[in-house]
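Source file: query.pdb; contents: PDB, C-alpha atoms and all ligand atoms.
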```pdb
ATOM      1  CA  MET A   1       0.000   0.000   0.000  1.00  0.00           C
ATOM      2  CA  ALA A   2       1.233   3.479  -0.833  1.00  0.00           C
ATOM      3  CA  SER A   3       2.501   5.546   2.101  1.00  0.00           C
ATOM      4  CA  ILE A   4       0.604   8.657   3.155  1.00  0.00           C
ATOM      5  CA  PHE A   5       3.486  10.690   1.706  1.00  0.00           C
ATOM      6  CA  THR A   6       3.269   8.901  -1.654  1.00  0.00           C
ATOM      7  CA  LYS A   7      -0.439   9.798  -1.676  1.00  0.00           C
ATOM      8  CA  ILE A   8       0.569  13.423  -1.014  1.00  0.00           C
ATOM      9  CA  ILE A   9       3.047  13.380  -3.934  1.00  0.00           C
ATOM     10  CA  GLN A  10       0.355  11.907  -6.185  1.00  0.00           C
ATOM     11  CA  GLY A  11      -2.136  14.583  -5.055  1.00  0.00           C
ATOM     12  CA  ASP A  12      -4.533  12.026  -3.545  1.00  0.00           C
ATOM     13  CA  ILE A  13      -4.046  13.712  -0.160  1.00  0.00           C
ATOM     14  CA  PRO A  14      -3.724  17.517  -0.175  1.00  0.00           C
ATOM     15  CA  SER A  15      -0.581  19.249   1.068  1.00  0.00           C
ATOM     16  CA  TYR A  16       0.826  22.748   1.328  1.00  0.00           C
ATOM     17  CA  LYS A  17       3.527  22.296  -1.279  1.00  0.00           C
ATOM     18  CA  ILE A  18       6.763  24.255  -1.078  1.00  0.00           C
ATOM     19  CA  ALA A  19       8.612  22.814  -4.075  1.00  0.00           C
ATOM     20  CA  GLU A  20       9.235  19.704  -6.134  1.00  0.00           C
ATOM     21  CA  ASP A  21      11.563  18.450  -8.813  1.00  0.00           C
ATOM     22  CA  GLU A  22      11.713  15.127 -10.608  1.00  0.00           C
ATOM     23  CA  LYS A  23      13.062  13.287  -7.545  1.00  0.00           C
ATOM     24  CA  TYR A  24      12.028  15.197  -4.417  1.00  0.00           C
ATOM     25  CA  TYR A  25       8.996  16.926  -2.907  1.00  0.00           C
ATOM     26  CA  ALA A  26       8.755  19.455  -0.045  1.00  0.00           C
ATOM     27  CA  PHE A  27       5.606  20.405   1.870  1.00  0.00           C
ATOM     28  CA  LEU A  28       4.628  21.926   5.211  1.00  0.00           C
ATOM     29  CA  ASP A  29       4.373  19.573   8.179  1.00  0.00           C
ATOM     30  CA  ILE A  30       0.739  19.539   9.256  1.00  0.00           C
ATOM     31  CA  ASN A  31       1.718  19.517  12.963  1.00  0.00           C
ATOM     32  CA  PRO A  32       4.566  22.014  12.916  1.00  0.00           C
ATOM     33  CA  LEU A  33       7.085  22.745  15.638  1.00  0.00           C
ATOM     34  CA  ALA A  34       7.605  26.193  14.095  1.00  0.00           C
ATOM     35  CA  LYS A  35       6.188  28.377  11.359  1.00  0.00           C
ATOM     36  CA  GLY A  36       7.728  27.068   8.134  1.00  0.00           C
ATOM     37  CA  HIS A  37       8.459  23.522   9.438  1.00  0.00           C
ATOM     38  CA  THR A  38       8.824  21.620   6.177  1.00  0.00           C
ATOM     39  CA  LEU A  39       9.257  17.968   5.235  1.00  0.00           C
ATOM     40  CA  VAL A  40      11.526  16.995   2.356  1.00  0.00           C
ATOM     41  CA  ILE A  41      10.895  13.550   0.875  1.00  0.00           C
ATOM     42  CA  PRO A  42      12.120  11.445  -2.022  1.00  0.00           C
ATOM     43  CA  LYS A  43       9.425  10.650  -4.585  1.00  0.00           C
ATOM     44  CA  LYS A  44      10.647   7.064  -4.694  1.00  0.00           C
ATOM     45  CA  GLU A  45       9.012   5.503  -1.640  1.00  0.00           C
ATOM     46  CA  THR A  46      11.668   4.206   0.774  1.00  0.00           C
ATOM     47  CA  ASP A  47      11.042   3.799   4.502  1.00  0.00           C
ATOM     48  CA  TYR A  48      14.518   4.241   5.991  1.00  0.00           C
ATOM     49  CA  ILE A  49      16.562   7.221   4.860  1.00  0.00           C
ATOM     50  CA  PHE A  50      19.819   5.264   5.073  1.00  0.00           C
ATOM     51  CA  ASP A  51      18.465   2.708   2.604  1.00  0.00           C
ATOM     52  CA  LEU A  52      18.569   5.433  -0.083  1.00  0.00           C
ATOM     53  CA  SER A  53      21.412   5.236  -2.581  1.00  0.00           C
ATOM     54  CA  ASP A  54      24.359   7.596  -2.086  1.00  0.00           C
ATOM     55  CA  GLU A  55      23.137   9.616  -5.055  1.00  0.00           C
ATOM     56  CA  ASP A  56      19.571   9.877  -3.775  1.00  0.00           C
ATOM     57  CA  ILE A  57      20.456  10.806  -0.195  1.00  0.00           C
ATOM     58  CA  SER A  58      22.935  13.458  -1.301  1.00  0.00           C
ATOM     59  CA  GLY A  59      20.462  14.855  -3.830  1.00  0.00           C
ATOM     60  CA  MET A  60      17.850  15.009  -1.076  1.00  0.00           C
ATOM     61  CA  MET A  61      20.204  17.068   1.095  1.00  0.00           C
ATOM     62  CA  VAL A  62      20.941  19.494  -1.746  1.00  0.00           C
ATOM     63  CA  PHE A  63      17.178  19.849  -2.304  1.00  0.00           C
ATOM     64  CA  ALA A  64      16.680  20.429   1.463  1.00  0.00           C
ATOM     65  CA  LYS A  65      19.329  23.161   1.325  1.00  0.00           C
ATOM     66  CA  LYS A  66      17.257  25.092  -1.239  1.00  0.00           C
ATOM     67  CA  ILE A  67      14.241  24.818   1.035  1.00  0.00           C
ATOM     68  CA  ALA A  68      16.223  25.944   4.103  1.00  0.00           C
ATOM     69  CA  LEU A  69      17.591  29.014   2.311  1.00  0.00           C
ATOM     70  CA  ALA A  70      14.049  29.968   1.304  1.00  0.00           C
ATOM     71  CA  ILE A  71      12.664  29.384   4.821  1.00  0.00           C
ATOM     72  CA  GLU A  72      15.245  31.700   6.401  1.00  0.00           C
ATOM     73  CA  LYS A  73      14.173  34.493   4.044  1.00  0.00           C
ATOM     74  CA  VAL A  74      10.599  34.222   5.341  1.00  0.00           C
ATOM     75  CA  VAL A  75      10.841  33.156   8.981  1.00  0.00           C
ATOM     76  CA  PRO A  76      13.155  35.156  11.279  1.00  0.00           C
ATOM     77  CA  CYS A  77      15.493  32.612  12.921  1.00  0.00           C
ATOM     78  CA  LYS A  78      19.076  32.044  14.019  1.00  0.00           C
ATOM     79  CA  LYS A  79      19.472  29.021  11.789  1.00  0.00           C
ATOM     80  CA  VAL A  80      17.439  26.409   9.998  1.00  0.00           C
ATOM     81  CA  GLY A  81      17.869  23.018  11.638  1.00  0.00           C
ATOM     82  CA  ILE A  82      17.275  19.572  10.198  1.00  0.00           C
ATOM     83  CA  ALA A  83      16.205  16.360  11.874  1.00  0.00           C
ATOM     84  CA  VAL A  84      15.490  12.825  10.746  1.00  0.00           C
ATOM     85  CA  LEU A  85      13.295  10.573  12.861  1.00  0.00           C
ATOM     86  CA  GLY A  86      10.938   8.560  10.685  1.00  0.00           C
ATOM     87  CA  LEU A  87       9.284   6.762  13.578  1.00  0.00           C
ATOM     88  CA  GLU A  88       5.764   7.774  12.561  1.00  0.00           C
ATOM     89  CA  VAL A  89       5.622   7.736   8.769  1.00  0.00           C
ATOM     90  CA  PRO A  90       7.500   4.931   6.923  1.00  0.00           C
ATOM     91  CA  HIS A  91       8.604   7.144   4.033  1.00  0.00           C
ATOM     92  CA  ALA A  92      12.016   8.790   4.416  1.00  0.00           C
ATOM     93  CA  HIS A  93      11.845  12.491   5.262  1.00  0.00           C
ATOM     94  CA  ILE A  94      14.002  15.325   6.525  1.00  0.00           C
ATOM     95  CA  HIS A  95      12.369  17.804   8.913  1.00  0.00           C
ATOM     96  CA  VAL A  96      13.551  21.323   8.003  1.00  0.00           C
ATOM     97  CA  VAL A  97      12.789  23.668  10.883  1.00  0.00           C
ATOM     98  CA  PRO A  98      13.671  27.332  11.558  1.00  0.00           C
ATOM     99  CA  ILE A  99      15.174  27.558  15.060  1.00  0.00           C
ATOM    100  CA  ASN A 100      16.280  30.081  17.628  1.00  0.00           C
ATOM    101  CA  THR A 101      16.867  27.648  20.494  1.00  0.00           C
ATOM    102  CA  ILE A 102      17.199  23.856  20.807  1.00  0.00           C
ATOM    103  CA  TYR A 103      13.648  23.757  22.109  1.00  0.00           C
ATOM    104  CA  ASP A 104      12.347  24.852  18.691  1.00  0.00           C
ATOM    105  CA  ILE A 105      13.342  21.448  17.288  1.00  0.00           C
ATOM    106  CA  ASP A 106      12.345  19.418  20.354  1.00  0.00           C
ATOM    107  CA  PHE A 107       9.672  16.999  19.166  1.00  0.00           C
ATOM    108  CA  LYS A 108       8.254  16.789  22.705  1.00  0.00           C
ATOM    109  CA  GLN A 109       7.100  20.426  22.444  1.00  0.00           C
ATOM    110  CA  PRO A 110       3.412  21.098  21.739  1.00  0.00           C
ATOM    111  CA  LYS A 111       2.790  21.520  18.026  1.00  0.00           C
ATOM    112  CA  LEU A 112       1.584  24.829  16.588  1.00  0.00           C
ATOM    113  CA  LYS A 113      -1.858  25.245  15.072  1.00  0.00           C
ATOM    114  CA  PHE A 114      -2.438  27.179  11.868  1.00  0.00           C
ATOM    115  CA  THR A 115      -5.587  27.604   9.834  1.00  0.00           C
ATOM    116  CA  GLY A 116      -5.681  26.340   6.262  1.00  0.00           C
ATOM    117  CA  GLU A 117      -5.440  29.934   5.088  1.00  0.00           C
ATOM    118  CA  GLU A 118      -2.352  30.534   7.227  1.00  0.00           C
ATOM    119  CA  PHE A 119      -0.664  27.352   5.939  1.00  0.00           C
ATOM    120  CA  GLU A 120      -1.470  28.510   2.407  1.00  0.00           C
ATOM    121  CA  VAL A 121       0.150  31.925   2.969  1.00  0.00           C
ATOM    122  CA  ILE A 122       3.263  30.398   4.602  1.00  0.00           C
ATOM    123  CA  SER A 123       3.747  27.848   1.818  1.00  0.00           C
ATOM    124  CA  LYS A 124       3.341  30.488  -0.905  1.00  0.00           C
ATOM    125  CA  GLU A 125       5.783  32.859   0.834  1.00  0.00           C
ATOM    126  CA  ILE A 126       8.481  30.193   1.214  1.00  0.00           C
ATOM    127  CA  SER A 127       7.868  28.769  -2.215  1.00  0.00           C
ATOM    128  CA  SER A 128       8.299  32.233  -3.802  1.00  0.00           C
ATOM    129  CA  LYS A 129      11.820  32.461  -2.312  1.00  0.00           C
ATOM    130  CA  ILE A 130      13.140  29.211  -3.770  1.00  0.00           C
ATOM    131  CA  ILE A 131      16.081  29.712  -6.071  1.00  0.00           C
ATOM    132  CA  ALA A 132      16.180  26.960  -8.664  1.00  0.00           C
TER
HETATM  133  P1  LIG B   1       8.348  11.202  11.985  1.00  0.00           P
HETATM  134  O1  LIG B   1       8.000  10.010  11.126  1.00  0.00           O
HETATM  135  O2  LIG B   1       9.582  11.916  11.511  1.00  0.00           O
HETATM  136  O3  LIG B   1       8.436  10.843  13.444  1.00  0.00           O
HETATM  137  O4  LIG B   1       7.148  12.236  11.889  1.00  0.00           O
HETATM  138  C1  LIG B   1       6.323  12.348  10.764  1.00  0.00           C
HETATM  139  C2  LIG B   1       5.913  13.790  10.560  1.00  0.00           C
HETATM  140  O5  LIG B   1       4.968  13.810   9.500  1.00  0.00           O
HETATM  141  C3  LIG B   1       5.223  14.451  11.772  1.00  0.00           C
HETATM  142  O6  LIG B   1       5.904  15.648  12.097  1.00  0.00           O
HETATM  143  C4  LIG B   1       3.792  14.682  11.304  1.00  0.00           C
HETATM  144  O7  LIG B   1       3.253  15.892  11.787  1.00  0.00           O
HETATM  145  C5  LIG B   1       3.933  14.718   9.801  1.00  0.00           C
HETATM  146  N1  LIG B   1       2.739  14.231   9.107  1.00  0.00           N
HETATM  147  C6  LIG B   1       2.103  13.049   9.330  1.00  0.00           C
HETATM  148  N2  LIG B   1       1.037  12.916   8.500  1.00  0.00           N
HETATM  149  C7  LIG B   1       1.020  14.035   7.737  1.00  0.00           C
HETATM  150  C8  LIG B   1       0.152  14.474   6.689  1.00  0.00           C
HETATM  151  O8  LIG B   1      -0.797  13.812   6.290  1.00  0.00           O
HETATM  152  N3  LIG B   1       0.434  15.682   6.126  1.00  0.00           N
HETATM  153  C9  LIG B   1       1.496  16.437   6.531  1.00  0.00           C
HETATM  154  N4  LIG B   1       1.682  17.604   5.906  1.00  0.00           N
HETATM  155  N5  LIG B   1       2.334  16.058   7.516  1.00  0.00           N
HETATM  156  C10 LIG B   1       2.096  14.861   8.120  1.00  0.00           C
END
```

Please express the file's structure as structure tokens.
Amino acid sequence: MASIFTKIIQGDIPSYKIAEDEKYYAFLDINPLAKGHTLVIPKKETDYIFDLSDEDISGMMVFAKKIALAIEKVVPCKKVGIAVLGLEVPHAHIHVVPINTIYDIDFKQPKLKFTGEEFEVISKEISSKIIA
């Protein structure tokens, strides 16, 4: 069965898309730790990130870098942090999160709530800052 993230890539489940290319897709996390918290995923469904080929995992990081540079133009932050957990959704993903303190990327923190309209605005703002 296709993962929830594959369904998102295929458009069967809606997402607030940030960017995509032929191999990777980026969209806002629906339960964000911070405004702009984005997930970067490979289009080829693979559960464990370290099962990706060298080429695919390095390409995913380069794609995540583009997303991070766009996020920092929109969300004031000290840095953009990344994290890989993958305990919930069995489709490899990198969390890309703007941070000011370590607590901003602490997954035990309560998640933020945004309306659909707010998610839409955030995704459009970040997406407009992507440099190809
Ligand atoms: P992990 O697998 O890294 O522990 O966490 C999975 C992440 O995916 C969580 O941060 C969760 O909020 C996010 N997530 C799970 N289902 C969906 C979904 O349907 N849409 C979006 N945008 N994010 C999701």

Where is the centre and how long are the edges: axis-aligned box on region 29-37 of chain A, 6 Å on each side, Å to one decimal, as AutoDock Vina command-line options:
```
--center_x 4.6 --center_y 23.9 --center_z 11.9 --size_x 19.7 --size_y 20.9 --size_z 19.5
```

Check your understanding: Could you pull the residues within 7 Å of Val75 (chain A), counting only C-alpha atoms, minus those fewer than 2 positions along the same chain, as a PyMOL selection string?
Key -> chain A and resi 36+71-73+77+98

**Study point:** Nearby residues, (16.6, 15.2, -2.0) file frame, 6 Å, all atoms listed in the file, as number ranges by chain
**Key:** A: 24, 42, 59-61, 63

Check your understanding: What does the PyMOL selection byres (((chain A and resi 124) around 12) and not hetatm) select in this file, as a PyMOL selection string?
Key -> chain A and resi 16-19+27-28+36+70-71+74+117-123+125-130

Taking C-alpha atoms for each residue, export the selection above as a PDB file, in the coordinates of the input.
```
ATOM      1  CA  TYR A  16       0.826  22.748   1.328  1.00  0.00           C
ATOM      2  CA  LYS A  17       3.527  22.296  -1.279  1.00  0.00           C
ATOM      3  CA  ILE A  18       6.763  24.255  -1.078  1.00  0.00           C
ATOM      4  CA  ALA A  19       8.612  22.814  -4.075  1.00  0.00           C
ATOM      5  CA  PHE A  27       5.606  20.405   1.870  1.00  0.00           C
ATOM      6  CA  LEU A  28       4.628  21.926   5.211  1.00  0.00           C
ATOM      7  CA  GLY A  36       7.728  27.068   8.134  1.00  0.00           C
ATOM      8  CA  ALA A  70      14.049  29.968   1.304  1.00  0.00           C
ATOM      9  CA  ILE A  71      12.664  29.384   4.821  1.00  0.00           C
ATOM     10  CA  VAL A  74      10.599  34.222   5.341  1.00  0.00           C
ATOM     11  CA  GLU A 117      -5.440  29.934   5.088  1.00  0.00           C
ATOM     12  CA  GLU A 118      -2.352  30.534   7.227  1.00  0.00           C
ATOM     13  CA  PHE A 119      -0.664  27.352   5.939  1.00  0.00           C
ATOM     14  CA  GLU A 120      -1.470  28.510   2.407  1.00  0.00           C
ATOM     15  CA  VAL A 121       0.150  31.925   2.969  1.00  0.00           C
ATOM     16  CA  ILE A 122       3.263  30.398   4.602  1.00  0.00           C
ATOM     17  CA  SER A 123       3.747  27.848   1.818  1.00  0.00           C
ATOM     18  CA  GLU A 125       5.783  32.859   0.834  1.00  0.00           C
ATOM     19  CA  ILE A 126       8.481  30.193   1.214  1.00  0.00           C
ATOM     20  CA  SER A 127       7.868  28.769  -2.215  1.00  0.00           C
ATOM     21  CA  SER A 128       8.299  32.233  -3.802  1.00  0.00           C
ATOM     22  CA  LYS A 129      11.820  32.461  -2.312  1.00  0.00           C
ATOM     23  CA  ILE A 130      13.140  29.211  -3.770  1.00  0.00           C
TER      24      ILE A 130
END
```

Point to revise | Point (3.8, -1.9, -0.5) neighbourhood (12 Å, all atoms listed in the file) written as a ChimeraX atom specification | key: /A:1-4,6,45-47,90-91

Check your understanding: Residues at most 9 Å from ligand LIG 1 (chain B), using all atoms listed in the file? Could they come as a count of residues only?
Key -> 34

Study note, to complete from the structure: Students should find that CA of Lys23 (chain A) and CA of Lys43 (chain A) are spaced 5.4 Å

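Of the listed residues A:Val97, A:Leu69, A:Ile57, A:Ile131, the one whose atoms come nearest to Ile41 (chain A) is A:Ile57, with distances taken using only C-alpha atoms.
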
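Residues matched by the PyMOL selection byres (((chain A and resi 100) around 7) and not hetatm) in this file: Cys77, Lys78, Lys79, Ile99, Thr101 and Asp104 of chain A.
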
Study note, to complete from the structure: One residue among A:Lys66, A:Ile105, A:Phe114, A:Glu55 is nearest to Ile82 (chain A) when using all atoms listed in the file, and that residue is A:Ile105

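Distances from A:Glu20, A:Tyr25, A:Ala34, A:Ser58 to Pro76 (chain A) were compared using all atoms listed in the file, and the smallest one belongs to A:Ala34.
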
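Here CA of Lys44 (chain A) is placed at a distance of 14.8 Å from CA of Gly11 (chain A).
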
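Each of A:Ile9, A:Leu112, A:Ile102, A:Val40 was checked against Val62 (chain A) using only C-alpha atoms; the smallest atom-to-atom distance is that of A:Val40.
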
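Here CA of Ala64 (chain A) is placed at a distance of 15.2 Å from CA of Leu52 (chain A).
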
Output requested as a compact mmCIF listing (two decimals), in the coordinates of the input - region 70-93 of chain A, filled out with N, CA, C and O atoms.
```txt
# COMPACT_ATOMS: atom_id res chain seq x y z
N ALA A 70 15.30 29.24 1.53
CA ALA A 70 14.05 29.97 1.30
C ALA A 70 13.34 30.22 2.64
O ALA A 70 12.82 31.32 2.87
N ILE A 71 13.34 29.22 3.52
CA ILE A 71 12.66 29.38 4.82
C ILE A 71 13.28 30.55 5.59
O ILE A 71 12.57 31.39 6.16
N GLU A 72 14.63 30.64 5.59
CA GLU A 72 15.24 31.70 6.40
C GLU A 72 14.99 33.09 5.85
O GLU A 72 15.14 34.08 6.55
N LYS A 73 14.55 33.18 4.60
CA LYS A 73 14.17 34.49 4.04
C LYS A 73 12.78 34.91 4.52
O LYS A 73 12.41 36.07 4.44
N VAL A 74 12.00 33.95 4.98
CA VAL A 74 10.60 34.22 5.34
C VAL A 74 10.39 34.22 6.85
O VAL A 74 9.64 35.04 7.38
N VAL A 75 11.06 33.31 7.54
CA VAL A 75 10.84 33.16 8.98
C VAL A 75 12.10 33.63 9.72
O VAL A 75 13.17 33.05 9.52
N PRO A 76 11.98 34.70 10.54
CA PRO A 76 13.16 35.16 11.28
C PRO A 76 13.66 34.04 12.20
O PRO A 76 12.87 33.46 12.95
N CYS A 77 14.95 33.71 12.11
CA CYS A 77 15.49 32.61 12.92
C CYS A 77 17.01 32.72 12.95
O CYS A 77 17.60 33.38 12.10
N LYS A 78 17.61 32.05 13.95
CA LYS A 78 19.08 32.04 14.02
C LYS A 78 19.64 31.15 12.93
O LYS A 78 20.60 31.48 12.26
N LYS A 79 19.04 29.99 12.80
CA LYS A 79 19.47 29.02 11.79
C LYS A 79 18.27 28.18 11.38
O LYS A 79 17.23 28.22 12.04
N VAL A 80 18.45 27.41 10.31
CA VAL A 80 17.44 26.41 10.00
C VAL A 80 18.06 25.06 10.35
O VAL A 80 19.15 24.73 9.88
N GLY A 81 17.37 24.32 11.21
CA GLY A 81 17.87 23.02 11.64
C GLY A 81 17.22 21.90 10.84
O GLY A 81 16.17 22.10 10.22
N ILE A 82 17.88 20.75 10.83
CA ILE A 82 17.27 19.57 10.20
C ILE A 82 17.28 18.41 11.19
O ILE A 82 18.13 18.35 12.07
N ALA A 83 16.29 17.54 11.02
CA ALA A 83 16.20 16.36 11.87
C ALA A 83 15.61 15.23 11.06
O ALA A 83 14.79 15.45 10.17
N VAL A 84 16.06 14.02 11.38
CA VAL A 84 15.49 12.82 10.75
C VAL A 84 15.07 11.88 11.86
O VAL A 84 15.88 11.54 12.72
N LEU A 85 13.78 11.53 11.86
CA LEU A 85 13.30 10.57 12.86
C LEU A 85 12.68 9.37 12.14
O LEU A 85 13.20 8.28 12.19
N GLY A 86 11.55 9.62 11.49
CA GLY A 86 10.94 8.56 10.68
C GLY A 86 10.27 7.48 11.50
O GLY A 86 10.06 6.37 11.00
N LEU A 87 9.92 7.78 12.75
CA LEU A 87 9.28 6.76 13.58
C LEU A 87 7.78 6.67 13.33
O LEU A 87 7.16 5.67 13.63
N GLU A 88 7.22 7.73 12.75
CA GLU A 88 5.76 7.77 12.56
C GLU A 88 5.37 7.37 11.14
O GLU A 88 4.49 6.52 10.96
N VAL A 89 6.00 7.98 10.17
CA VAL A 89 5.62 7.74 8.77
C VAL A 89 6.75 6.97 8.07
O VAL A 89 7.89 7.44 8.01
N PRO A 90 6.45 5.76 7.54
CA PRO A 90 7.50 4.93 6.92
C PRO A 90 7.84 5.35 5.49
O PRO A 90 7.75 4.55 4.55
N HIS A 91 8.17 6.61 5.33
CA HIS A 91 8.60 7.14 4.03
C HIS A 91 9.66 8.20 4.40
O HIS A 91 9.32 9.19 5.06
N ALA A 92 10.89 7.95 3.98
CA ALA A 92 12.02 8.79 4.42
C ALA A 92 11.70 10.27 4.30
O ALA A 92 11.11 10.71 3.30
N HIS A 93 12.07 11.04 5.32
CA HIS A 93 11.84 12.49 5.26
C HIS A 93 12.83 13.22 6.15
O HIS A 93 13.22 12.72 7.20
```
